[in-house]
Structures are given as structure tokens and as C-alpha cells.
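Student: Got structure-v5.txt for you, compact mmCIF, C-alpha atoms:
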```
# COMPACT_ATOMS: atom_id res chain seq x y z
CA MET A 1 125.69 -89.44 198.03
CA SER A 2 123.61 -89.66 194.87
CA HIS A 3 122.55 -92.83 193.10
CA GLU A 4 122.23 -92.81 189.33
CA ARG A 5 119.44 -94.95 187.93
CA THR A 6 119.27 -96.52 184.47
CA ALA A 7 116.15 -97.19 182.43
CA SER A 8 116.26 -100.89 183.32
CA LEU A 9 117.10 -102.89 186.41
CA PRO A 10 120.01 -105.35 186.66
CA PRO A 11 119.26 -108.99 185.74
CA GLY A 12 117.35 -110.86 188.44
CA ILE A 13 116.02 -107.70 190.10
CA VAL A 14 112.31 -107.01 189.72
CA VAL A 15 109.94 -104.32 190.93
CA GLY A 16 107.44 -105.42 193.57
CA PRO A 17 103.71 -106.01 193.04
CA ALA A 18 101.91 -103.39 191.02
CA TRP A 19 99.40 -102.46 193.73
CA GLY A 20 101.07 -103.59 196.97
CA TYR A 21 101.85 -106.79 198.82
CA GLY A 22 98.46 -107.41 200.37
CA PRO A 23 97.18 -107.16 203.96
CA THR A 24 98.75 -110.35 205.39
CA GLU A 25 101.81 -112.54 204.87
CA ARG A 26 99.72 -115.35 203.41
CA TYR A 27 97.79 -113.07 201.06
CA THR A 28 99.87 -113.77 197.96
CA ALA A 29 99.46 -117.54 198.34
CA LEU A 30 95.72 -117.10 198.88
CA ALA A 31 95.33 -114.76 195.91
CA GLU A 32 97.31 -116.99 193.56
CA ARG A 33 94.55 -119.60 193.82
CA PHE A 34 92.09 -117.22 192.23
CA ARG A 35 94.15 -115.04 189.89
CA PRO A 36 93.88 -117.49 186.96
CA VAL A 37 90.09 -117.28 187.33
CA PHE A 38 90.24 -113.50 187.49
CA ALA A 39 92.31 -113.52 184.29
CA ARG A 40 89.70 -115.68 182.51
CA ILE A 41 86.96 -113.34 183.68
CA ARG A 42 88.87 -110.29 182.47
CA GLU A 43 89.47 -111.72 178.98
CA GLN A 44 85.80 -111.43 177.99
CA SER A 45 84.76 -108.48 180.15
CA VAL A 46 84.36 -106.02 177.27
CA LYS A 47 82.55 -108.54 175.09
CA ARG A 48 80.14 -109.40 177.92
CA GLU A 49 79.46 -105.71 178.40
CA ILE A 50 78.74 -105.05 174.73
CA GLU A 51 76.57 -108.15 174.34
CA ARG A 52 75.00 -107.72 177.79
CA ARG A 53 75.70 -111.34 178.65
CA LEU A 54 75.09 -112.06 182.31
CA PRO A 55 78.04 -113.75 184.07
CA TYR A 56 76.44 -117.08 185.03
CA GLU A 57 79.45 -119.03 183.82
CA GLU A 58 81.99 -116.74 185.44
CA ILE A 59 80.28 -116.89 188.82
CA GLY A 60 80.31 -120.66 188.41
CA TRP A 61 84.09 -120.57 187.96
CA LEU A 62 84.43 -118.61 191.20
CA ARG A 63 82.20 -121.04 193.03
CA GLU A 64 84.19 -124.03 191.81
CA ALA A 65 87.47 -122.37 192.83
CA GLY A 66 86.18 -121.80 196.38
CA PHE A 67 86.11 -118.02 196.05
CA THR A 68 82.51 -117.75 197.23
CA ALA A 69 83.47 -119.54 200.48
CA LEU A 70 86.41 -117.27 201.31
CA ARG A 71 85.16 -116.23 204.74
CA VAL A 72 83.67 -119.61 205.62
CA PRO A 73 85.81 -121.33 208.30
CA ARG A 74 88.03 -124.15 207.11
CA ASP A 75 86.09 -126.68 209.20
CA TYR A 76 83.14 -126.04 206.90
CA GLY A 77 85.06 -126.16 203.62
CA GLY A 78 86.04 -122.50 203.27
CA SER A 79 89.31 -120.58 203.40
CA GLY A 80 88.80 -118.77 206.70
CA ALA A 81 89.97 -115.50 205.12
CA THR A 82 90.22 -112.35 207.22
CA LEU A 83 88.14 -109.32 206.31
CA PRO A 84 91.17 -107.39 204.98
CA GLU A 85 92.03 -110.41 202.80
CA LEU A 86 88.46 -110.62 201.53
CA PHE A 87 88.27 -106.97 200.58
CA GLU A 88 91.64 -107.02 198.83
CA LEU A 89 90.49 -110.01 196.79
CA LEU A 90 87.25 -108.20 195.97
CA ILE A 91 89.36 -105.34 194.59
CA GLU A 92 91.19 -107.84 192.37
CA LEU A 93 87.90 -109.38 191.23
CA SER A 94 86.48 -105.91 190.51
CA GLU A 95 89.50 -105.14 188.37
CA ALA A 96 88.50 -108.15 186.26
CA ASP A 97 84.76 -107.34 186.25
CA SER A 98 83.09 -105.05 188.77
CA ASN A 99 79.65 -106.45 187.93
CA ILE A 100 80.52 -109.78 189.51
CA THR A 101 81.67 -108.25 192.79
CA GLN A 102 78.40 -106.40 193.15
CA ALA A 103 76.45 -109.50 192.16
CA LEU A 104 78.14 -111.38 195.04
CA ARG A 105 77.86 -108.54 197.58
CA ALA A 106 74.77 -109.93 199.28
CA HIS A 107 76.27 -113.41 199.34
CA PHE A 108 79.39 -112.29 201.19
CA GLY A 109 77.23 -110.28 203.57
CA PHE A 110 75.12 -113.35 204.28
CA ILE A 111 78.27 -115.25 205.24
CA GLU A 112 78.93 -112.60 207.90
CA HIS A 113 75.33 -113.03 209.06
CA ALA A 114 75.86 -116.80 209.30
CA LEU A 115 79.07 -116.32 211.28
CA GLU A 116 77.17 -114.26 213.87
CA SER A 117 74.07 -116.49 213.96
CA ALA A 118 72.94 -118.69 216.84
CA PRO A 119 74.71 -122.11 216.92
CA GLY A 120 72.11 -124.23 215.09
CA ARG A 121 71.55 -121.72 212.31
CA ARG A 122 75.27 -121.00 212.12
CA GLU A 123 76.24 -124.63 211.51
CA THR A 124 73.45 -125.22 208.97
CA TRP A 125 74.30 -122.21 206.84
CA LEU A 126 78.07 -122.43 207.06
CA ALA A 127 77.86 -126.01 205.81
CA ARG A 128 75.73 -124.89 202.86
CA LEU A 129 77.97 -121.93 202.09
CA GLY A 130 81.08 -124.09 202.38
CA ARG A 131 79.61 -126.40 199.71
CA GLY A 132 79.37 -123.42 197.37
CA GLU A 133 75.69 -122.51 197.69
CA LEU A 134 75.03 -118.86 196.83
CA VAL A 135 72.73 -116.33 198.47
CA GLY A 136 71.16 -113.26 196.89
CA ALA A 137 69.23 -110.43 198.53
CA ALA A 138 65.83 -108.78 198.25
CA TRP A 139 65.41 -105.83 200.58
CA SER A 140 64.68 -102.58 198.70
CA GLU A 141 61.17 -101.68 197.59
CA THR A 142 60.01 -98.98 195.20
CA GLY A 143 56.89 -96.84 194.89
CA GLU A 144 55.08 -95.94 198.12
CA ALA A 145 57.09 -98.31 200.32
CA ARG A 146 57.66 -96.79 203.78
CA GLN A 147 60.96 -96.39 205.58
CA SER A 148 59.62 -97.93 208.80
CA GLN A 149 58.40 -101.23 207.41
CA PHE A 150 58.37 -103.44 204.33
CA SER A 151 55.28 -103.91 202.19
CA THR A 152 56.49 -107.47 201.60
CA ARG A 153 54.57 -109.55 204.17
CA LEU A 154 55.25 -112.74 206.08
CA THR A 155 52.03 -114.40 207.20
CA HIS A 156 51.06 -117.61 208.94
CA ASP A 157 48.64 -119.76 206.95
CA GLY A 158 47.49 -122.62 209.15
CA ASN A 159 50.65 -124.62 209.78
CA ARG A 160 52.72 -122.82 207.14
CA TRP A 161 54.49 -119.50 206.72
CA ARG A 162 53.95 -117.58 203.49
CA LEU A 163 55.79 -114.69 201.85
CA ASP A 164 54.20 -112.19 199.45
CA GLY A 165 55.63 -109.02 197.93
CA THR A 166 57.80 -107.40 195.28
CA LYS A 167 61.36 -106.14 195.58
CA PHE A 168 63.75 -104.17 193.40
CA TYR A 169 67.59 -103.98 193.44
CA THR A 170 67.59 -107.72 194.14
CA THR A 171 71.24 -107.90 193.15
CA GLY A 172 72.69 -111.37 192.67
CA SER A 173 69.41 -113.21 193.21
CA LEU A 174 69.24 -114.34 189.60
CA PHE A 175 72.50 -116.27 190.09
CA ALA A 176 71.72 -117.58 193.60
CA ASP A 177 70.43 -120.75 195.27
CA TRP A 178 68.79 -118.80 198.11
CA ILE A 179 67.39 -115.28 198.58
CA HIS A 180 67.60 -113.34 201.84
CA VAL A 181 64.44 -111.20 202.03
CA GLY A 182 63.37 -108.34 204.29
CA ALA A 183 59.68 -108.47 205.26
CA THR A 184 57.10 -107.37 207.83
CA ASN A 185 55.24 -109.88 210.00
CA ALA A 186 51.64 -109.81 211.23
CA ARG A 187 52.68 -107.62 214.19
CA ASP A 188 54.15 -105.05 211.79
CA GLU A 189 57.65 -105.93 212.96
CA PRO A 190 60.63 -106.36 210.62
CA VAL A 191 61.88 -109.88 209.95
CA SER A 192 64.33 -111.45 207.54
CA VAL A 193 63.59 -114.73 205.80
CA THR A 194 65.72 -116.95 203.59
CA ILE A 195 63.91 -118.77 200.81
CA ASP A 196 64.79 -121.23 198.08
CA ARG A 197 65.48 -119.24 194.92
CA HIS A 198 63.71 -121.94 192.86
CA ALA A 199 60.70 -122.40 195.15
CA ALA A 200 57.18 -122.14 193.76
CA GLY A 201 56.04 -118.53 193.63
CA VAL A 202 59.52 -117.02 193.26
CA ASP A 203 60.02 -115.02 190.06
CA VAL A 204 63.34 -113.20 189.58
CA VAL A 205 63.25 -110.88 186.57
CA ASP A 206 66.22 -109.55 184.61
CA ASP A 207 64.88 -106.00 184.15
CA TRP A 208 67.80 -103.93 185.44
CA ASP A 209 68.48 -101.16 182.91
CA GLY A 210 70.93 -98.92 184.75
CA MET A 211 73.56 -97.07 182.73
CA GLY A 212 76.32 -98.90 184.60
CA GLN A 213 76.87 -102.23 186.36
CA ARG A 214 74.64 -103.62 183.63
CA LEU A 215 75.41 -107.27 184.33
CA THR A 216 74.55 -107.40 188.05
CA ALA A 217 70.92 -108.49 187.49
CA SER A 218 69.86 -105.87 190.05
CA GLY A 219 66.23 -105.97 188.99
CA THR A 220 62.87 -107.14 190.30
CA SER A 221 61.86 -110.20 192.30
CA HIS A 222 58.24 -111.20 192.89
CA PHE A 223 57.18 -113.47 195.76
CA THR A 224 53.70 -114.95 195.53
CA ASN A 225 52.51 -117.25 198.29
CA VAL A 226 56.05 -118.59 198.77
CA GLU A 227 56.37 -121.21 201.50
CA VAL A 228 58.95 -120.32 204.16
CA ASP A 229 60.66 -122.76 206.51
CA GLU A 230 60.22 -121.47 210.07
CA SER A 231 63.89 -122.17 210.80
CA ASN A 232 64.76 -119.56 208.14
CA ILE A 233 62.90 -116.70 209.84
CA VAL A 234 64.94 -114.25 211.92
CA ASP A 235 63.53 -111.29 213.83
CA GLY A 236 64.85 -107.84 213.00
CA ARG A 237 66.44 -106.05 210.06
CA ALA A 238 70.19 -105.95 210.62
CA PRO A 239 71.77 -109.20 209.48
CA PHE A 240 74.96 -108.72 211.57
CA SER A 241 76.42 -106.09 213.87
CA TYR A 242 78.81 -104.43 211.41
CA SER A 243 76.57 -104.84 208.37
CA GLU A 244 76.38 -101.17 207.34
CA ALA A 245 80.15 -100.75 207.27
CA PHE A 246 80.64 -104.10 205.56
CA TYR A 247 78.16 -103.60 202.72
CA GLN A 248 79.35 -100.08 201.94
CA LEU A 249 82.98 -101.19 202.01
CA VAL A 250 82.15 -103.74 199.31
CA HIS A 251 81.18 -100.75 197.17
CA VAL A 252 84.48 -99.03 197.99
CA ALA A 253 86.40 -102.17 197.02
CA THR A 254 84.39 -102.34 193.80
CA LEU A 255 85.31 -98.73 193.02
CA ALA A 256 88.97 -99.42 193.73
CA GLY A 257 88.90 -102.35 191.31
CA ILE A 258 87.24 -100.20 188.65
CA GLY A 259 90.03 -97.70 189.17
CA ARG A 260 92.68 -100.37 188.60
CA ALA A 261 90.95 -101.65 185.46
CA ASN A 262 90.69 -98.11 184.16
CA ALA A 263 94.38 -97.48 184.85
CA GLY A 264 95.42 -100.71 183.15
CA ASP A 265 93.28 -100.13 180.08
CA THR A 266 94.52 -96.55 179.79
CA ALA A 267 98.19 -97.52 179.97
CA ALA A 268 97.77 -100.39 177.48
CA THR A 269 95.89 -98.18 175.00
CA ILE A 270 98.52 -95.46 175.15
CA ALA A 271 101.38 -97.95 174.77
CA ALA A 272 99.79 -99.50 171.67
CA ARG A 273 98.98 -96.24 169.92
CA ASN A 274 101.10 -94.98 167.00
CA ARG A 275 98.94 -92.10 165.75
CA SER A 276 99.29 -88.66 167.30
CA TYR A 277 98.15 -85.08 166.78
CA SER A 278 100.30 -82.66 164.80
CA HIS A 279 100.37 -80.29 167.75
CA ALA A 280 101.22 -82.97 170.32
CA ALA A 281 104.40 -82.73 172.39
CA SER A 282 105.76 -85.99 170.94
CA ALA A 283 105.37 -88.12 167.82
CA ARG A 284 104.35 -91.14 169.88
CA PRO A 285 101.65 -90.91 172.59
CA ALA A 286 103.78 -93.19 174.79
CA ASP A 287 106.50 -90.49 174.82
CA ASP A 288 104.18 -87.51 175.21
CA PRO A 289 104.66 -85.97 178.69
CA GLN A 290 101.12 -84.60 178.78
CA ILE A 291 99.66 -88.01 178.00
CA LEU A 292 101.98 -89.68 180.51
CA GLN A 293 100.87 -87.21 183.15
CA ILE A 294 97.27 -88.31 182.72
CA ALA A 295 98.25 -91.99 182.81
CA GLY A 296 100.23 -91.39 185.99
CA ARG A 297 97.42 -89.51 187.68
CA VAL A 298 94.88 -92.21 186.75
CA ARG A 299 97.13 -94.88 188.22
CA ALA A 300 97.78 -92.84 191.37
CA HIS A 301 94.05 -92.35 191.90
CA ALA A 302 93.50 -96.09 191.57
CA TRP A 303 96.27 -96.83 194.05
CA ALA A 304 94.87 -94.32 196.55
CA ALA A 305 91.37 -95.79 196.28
CA GLY A 306 92.74 -99.26 196.99
CA ALA A 307 94.83 -98.05 199.92
CA THR A 308 91.78 -96.28 201.34
CA ALA A 309 89.71 -99.46 201.08
CA ALA A 310 92.46 -101.51 202.74
CA HIS A 311 92.71 -99.11 205.67
CA ALA A 312 88.93 -99.14 206.19
CA ALA A 313 88.91 -102.95 206.03
CA ARG A 314 91.17 -103.10 209.07
CA ALA A 315 88.71 -100.90 210.96
CA VAL A 316 85.79 -103.18 210.03
CA GLU A 317 87.75 -106.21 211.19
CA ARG A 318 88.43 -104.52 214.54
CA ALA A 319 84.70 -103.92 214.90
CA ALA A 320 83.90 -107.55 214.08
CA HIS A 321 86.44 -108.84 216.61
CA ALA A 322 85.25 -106.42 219.31
CA HIS A 323 81.68 -107.61 218.89
CA ALA A 324 82.68 -111.29 218.85
CA ARG A 325 84.51 -111.05 222.17
CA GLY A 326 81.84 -108.85 223.78
CA ALA A 327 84.22 -105.96 224.38
CA GLY A 328 82.80 -103.10 226.39
CA ASP A 329 83.83 -100.58 223.74
CA SER A 330 82.40 -102.56 220.81
CA LEU A 331 79.83 -99.85 219.95
CA ALA A 332 82.54 -97.19 219.89
CA VAL A 333 84.75 -99.39 217.70
CA LEU A 334 81.80 -100.00 215.36
CA ALA A 335 81.08 -96.27 215.09
CA GLU A 336 84.74 -95.67 214.31
CA ALA A 337 84.61 -98.31 211.55
CA GLU A 338 81.50 -96.76 210.03
CA ILE A 339 83.09 -93.30 210.02
CA GLU A 340 86.19 -94.74 208.34
CA VAL A 341 84.10 -96.43 205.67
CA TRP A 342 82.01 -93.31 205.00
CA GLN A 343 85.24 -91.31 204.60
CA ALA A 344 86.59 -94.00 202.29
CA GLN A 345 83.44 -93.79 200.17
CA ALA A 346 83.73 -90.04 199.77
CA VAL A 347 87.38 -90.17 198.77
CA ALA A 348 87.45 -93.32 196.61
CA SER A 349 84.33 -92.45 194.63
CA GLN A 350 85.64 -89.02 193.66
CA LEU A 351 89.09 -90.34 192.78
CA VAL A 352 87.79 -93.11 190.53
CA ILE A 353 85.01 -91.11 188.86
CA ASP A 354 87.40 -88.26 188.05
CA ALA A 355 90.08 -90.64 186.76
CA ALA A 356 87.61 -92.56 184.59
CA ALA A 357 86.46 -89.32 182.97
CA SER A 358 89.94 -87.90 182.47
CA VAL A 359 91.30 -90.75 180.33
CA PHE A 360 89.42 -89.48 177.28
CA ASP A 361 91.62 -86.38 177.31
CA ALA A 362 94.58 -88.69 176.77
CA LEU A 363 92.96 -91.12 174.31
CA GLY A 364 90.87 -88.94 172.02
CA ALA A 365 87.69 -89.66 170.07
CA SER A 366 88.50 -93.26 169.13
CA ALA A 367 88.36 -94.16 172.84
CA THR A 368 84.64 -93.40 172.81
CA LEU A 369 83.86 -96.24 170.41
CA ARG A 370 81.63 -98.83 172.06
CA GLN A 371 83.89 -101.69 170.98
CA ALA A 372 86.70 -100.23 173.11
CA GLY A 373 84.55 -100.54 176.22
CA LEU A 374 86.43 -97.74 177.99
CA ASP A 375 83.25 -95.86 178.84
CA ARG A 376 82.17 -98.71 181.13
CA HIS A 377 84.62 -97.63 183.81
CA TRP A 378 83.02 -94.21 184.27
CA ARG A 379 79.48 -95.62 183.99
CA ASN A 380 80.21 -98.39 186.48
CA ALA A 381 81.94 -96.07 188.96
CA ARG A 382 79.19 -93.48 188.73
CA THR A 383 76.53 -96.17 189.28
CA VAL A 384 78.27 -97.76 192.28
CA ALA A 385 78.86 -94.36 193.86
CA SER A 386 75.15 -93.59 193.58
CA HIS A 387 74.25 -96.33 196.07
CA ASN A 388 73.72 -94.72 199.47
CA PRO A 389 74.66 -91.26 198.15
CA ARG A 390 77.95 -89.87 199.35
CA ILE A 391 76.49 -86.42 200.03
CA TYR A 392 74.86 -87.87 203.14
CA LYS A 393 78.07 -89.62 204.15
CA ASP A 394 79.99 -86.34 203.86
CA ARG A 395 77.43 -84.66 206.12
CA ILE A 396 77.55 -87.48 208.69
CA VAL A 397 81.35 -87.37 208.79
CA GLY A 398 81.18 -83.59 209.18
CA ASP A 399 78.64 -83.87 212.00
CA PHE A 400 80.94 -86.33 213.76
CA ALA A 401 83.99 -84.10 213.27
CA VAL A 402 82.27 -80.94 214.51
CA ASN A 403 79.73 -82.21 217.04
CA GLY A 404 80.84 -85.73 217.90
CA THR A 405 77.56 -87.14 216.56
CA LEU A 406 77.74 -90.88 215.92
CA PRO A 407 76.28 -92.56 212.78
CA LEU A 408 72.65 -93.62 213.12
CA GLY A 409 73.15 -97.23 212.05
CA GLN A 410 70.75 -99.06 209.76
CA TRP A 411 70.02 -97.25 206.47
CA ARG A 412 66.50 -97.26 205.08
CA ILE A 413 64.92 -95.88 201.94
CA GLY A 414 61.26 -95.21 201.22
CA THR A 415 58.45 -92.81 202.01
CA PRO A 416 58.92 -91.09 205.42
CA ASP A 417 56.31 -91.99 208.03
CA SER A 418 55.72 -88.41 209.15
```
What is this structure when it is put down as C-alpha cells?

Tutor:
Amino acid sequence: MSHERTASLPPGIVVGPAWGYGPTERYTALAERFRPVFARIREQSVKREIERRLPYEEIGWLREAGFTALRVPRDYGGSGATLPELFELLIELSEADSNITQALRAHFGFIEHALESAPGRRETWLARLGRGELVGAAWSETGEARQSQFSTRLTHDGNRWRLDGTKFYTTGSLFADWIHVGATNARDEPVSVTIDRHAAGVDVVDDWDGMGQRLTASGTSHFTNVEVDESNIVDGRAPFSYSEAFYQLVHVATLAGIGRANAGDTAATIAARNRSYSHAASARPADDPQILQIAGRVRAHAWAAGATAAHAARAVERAAHAHARGAGDSLAVLAEAEIEVWQAQAVASQLVIDAAASVFDALGASATLRQAGLDRHWRNARTVASHNPRIYKDRIVGDFAVNGTLPLGQWRIGTPDS
């Protein structure tokens, strides 16, 4: 039996959500709290990009709405969101402005660190995070910095601890109340310290000049004789057990959101356009099958990137739960999650980069005007995908597939020791 379909649905019948129903039954109710804020952020996204206006105000809106405390347990003032819920909301935020998601990446990672911390530290930081306090990061170093240790040093000066050094890619620190810093102690061992962003000797500089993600404030931070509270010193590098998978999945979610923004802008531009080429297949671009094919492919790529991120988020949550309950297979579950995230990175980055480049075939020369802001999608996607290059992830996935080799864990960048 065949079913004929008209161009419109009967009264009262609507098509479901544009990108899916979300990872849990409560997701829609949770997301509705923040969607008005996302809409406000989206309204000025092109203008912010052109003017290079950093999103202080917009991050403030998210803080006030409770978005920055999503993963904080309800007992501490948060929403107690699951990891799949968090990542789906990060996709929605990235659709509004991908810069803000990356600016908050370290903050959301620090919440995971707090959740896995020892009881005293856990309670202290969850209370702060539940009140809306924000945390930035300062881990990467440039120049002759070594892979094995940080040049940023933590020293003991009489009865006080002091921090000295310079960091780059200190994303989000300009907007934060605290900065989570990687350093080396007097025994040449790695430590992490959390310092007051506004403490004496802390200088966060807005000198990020990347071609994309221009509003993330991913520049330099200088620490000169900064006093450190001993309670905010933690031995080791890794902030929480599933940190590598988590941080890279934030990038995948950011890419998926860029893909959605690109698809939405492309469709809206085509729908509004009246001019066409004399040799086009239709008088109106909105009726041109070649143009519609591009719009459809761009949307499909965005959907696939989001679905890939959602699937990987479930794997990361399994790893987090396995670690929390001390399961005997927790390391295997973690390795599985990392492999899933690396695969997601390889697929989502290619889908979104290709889609962001292809829209100019449908929109023509006027789409390249700076005031349109359409170039930001390709620049942002290309920049995000350049973090922890996917060529290495492809090789690691291949080594696992062929030889069963597990991921190495903590990523480091710098001058090799040997």
C-alpha cells in the first residue's frame, strides 16, 4: 500500500525536533531553561565576530542561568546533568556561538575534576562552582618547553608557596574567577595548582590572534611570584580519570554546533535570496535542485556530527561510572571511550570542515563579504580541528584496529626529552 504525501501536514500535526529529541527523557525540559539565553547569544554572534568583542556579557548570562553549574550536583546548587545531557547542551551552545563553548571547556573539565576529588576538596569546590564561580586553565607552554615537565615552577618560600611561569592557550582564563595551572615542583614532579585569577602577580593577556575561534581569549598568562594556597595544590597532571576523552569530546561537540550553525545560516540565506544566475536550473535559488542538494548535504553532515558526538558521550559516561564504582574493567571501558572519541573527532571534523567550505558553491561571491559572517564557520571548524591533530588520532585508531594497541593516555606537547 502506498501513502501519498502533500506539501504540508494536516492541522495540529508537526514535525519533531530539528536535530533529535535529546539523550534523556528530561532533556527537553532541561534545555528549555537555556534556549532563550542561547537565542540572545546567537542574535549578536556575527556582530561580535566582526567587532572582535569578547563575550564577557554572554558568559555572564550563562552563569546567571545556571548553565555553568550543569554538572554540579543539585545539593550544591547545580543541575546534576548527565554527561550526554551536558554534551548535547554544548552542541546547542556552539550553534549559538562556538567561541563560548571553547572558552568554558576548562571550566566544565574542572567540574569533573572536583567530582572526583577527595572529600574535603570536593565539597569546597562544588560549593564554589554551584555558586557560579568560573575556572579557566593554563597548561600549555611554548618555545623550548619540554614534554616531560613544565617550565612553570611551584616553589616553597618560607611558609608560603609561590608560582612563576608563562603559559599560552590559556583559554577561558580571561573570563574566570580561578585558573587551574600545570606546574613542576622542586622535585621536578608535575603538580596542578588552582589560583585566584585576580591575585597579585597574575596577568592574563588578550593576545590570541588565531584565524578562527577569535573570541575565546586563548592567549598568554603570566604568573609572577603568585601566592598559592597549599589546599589548592594537587600532585600529578591528569585532573580526572577520563579527562582526555572528555576534553576532546568538548571539541567534537563544538564542531557539531558549528555544523548546525552553518546549516542554519546556509538554509536561511538561500531562502531569502531572489537573484540567480542566467544558467541556473531555476529562477529562484530556493527552487534550484543543485542548490538544494548542497543545503541538504550540509544539513546531513551537521546531523551526523551531532549524532557522532552523542554516541561518544554515552561511552564517556560509561567510563566515568565504571571508575566511580571501582569496576574491575574500568581501564578497558576508559580505553573504549577514548577510541570512540578519537573516531568521533576524525569523522566530525571532516564532515563539518567540508560542509563549511561547500556552502560557497551554493551562495556565490556575496557570501564571502565579511558582514555576512559565513566564513567564520569554516575558520572556526578548521581551528578547533587543529587542536590535538586528527592525523594522530587516525593512526591510534588504526593501531588499535590492527594490533589491539590501547591509547597512551595523557597528551603532552613540547620539546622531546631524547

Student: Which residue gives the smallest distance to A:Ala309 among A:His323, A:His377, A:Arg53, A:His251, with only C-alpha atoms counted?

Tutor: A:His251

Student: Which is closer to A:Ser276 than all the others in A:Gly328, A:Gly120, A:Gly364, A:Gly210, using all atoms listed in the file?

Tutor: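 Of the candidates, the smallest distance to A:Ser276 is held by A:Gly364.
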
Student: Taking all atoms of stretch 320-334 of chain A that appear in the file, build a box with edges along x, y and z, extend it by 5 Å on every side, and state its centre and edge lengths in Å to one decimal, as JSON.

Tutor:
```
{"center_x": 83.1, "center_y": -104.2, "center_z": 220.2, "size_x": 16.6, "size_y": 24.1, "size_z": 22.3}
```

Student: Point out the residue among A:Ala335, A:Ala199, A:Ala357, A:Leu215 with the least atom-to-atom distance to A:Ala263, counting only C-alpha atoms.

Tutor: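 Looking at the shortest contact to A:Ala263, the residue is A:Ala357.
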
Student: Within 9 Å of stretch 369-372 of chain A, counting only C-alpha atoms, which residues qualify if same-chain residues fewer than 5 places away don't, as a PyMOL selection string?

Tutor: chain A and resi 46-47+50

Student: What does the distance from atom CA of A:Thr194 to atom CA of A:Phe246 come to in Å, to one decimal?

Tutor: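 Interatomic distance here is 19.8 Å.
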
Student: Where atoms are missing, can you supply N, CA and C atoms for stretch 51-62 of chain A and output the lot as a compact mmCIF listing (two decimals), in the frame of the given file?

Tutor:
```txt
# COMPACT_ATOMS: atom_id res chain seq x y z
N GLU A 51 77.65 -107.21 174.65
CA GLU A 51 76.57 -108.15 174.34
C GLU A 51 75.53 -108.23 175.44
N ARG A 52 75.81 -107.61 176.57
CA ARG A 52 75.00 -107.72 177.79
C ARG A 52 74.72 -109.19 178.12
N ARG A 53 75.79 -109.92 178.28
CA ARG A 53 75.70 -111.34 178.65
C ARG A 53 75.96 -111.48 180.14
N LEU A 54 74.96 -111.95 180.87
CA LEU A 54 75.09 -112.06 182.31
C LEU A 54 76.13 -113.13 182.69
N PRO A 55 76.88 -112.90 183.76
CA PRO A 55 78.04 -113.75 184.07
C PRO A 55 77.71 -115.03 184.85
N TYR A 56 76.75 -115.80 184.38
CA TYR A 56 76.44 -117.08 185.03
C TYR A 56 77.68 -117.97 185.07
N GLU A 57 78.31 -118.13 183.92
CA GLU A 57 79.45 -119.03 183.82
C GLU A 57 80.61 -118.57 184.69
N GLU A 58 80.87 -117.28 184.68
CA GLU A 58 81.99 -116.74 185.44
C GLU A 58 81.79 -116.89 186.95
N ILE A 59 80.56 -116.67 187.40
CA ILE A 59 80.28 -116.89 188.82
C ILE A 59 80.42 -118.37 189.16
N GLY A 60 80.09 -119.23 188.22
CA GLY A 60 80.31 -120.66 188.41
C GLY A 60 81.78 -121.01 188.58
N TRP A 61 82.64 -120.35 187.81
CA TRP A 61 84.09 -120.57 187.96
C TRP A 61 84.54 -120.19 189.37
N LEU A 62 84.05 -119.06 189.87
CA LEU A 62 84.43 -118.61 191.20
C LEU A 62 83.94 -119.57 192.28
```
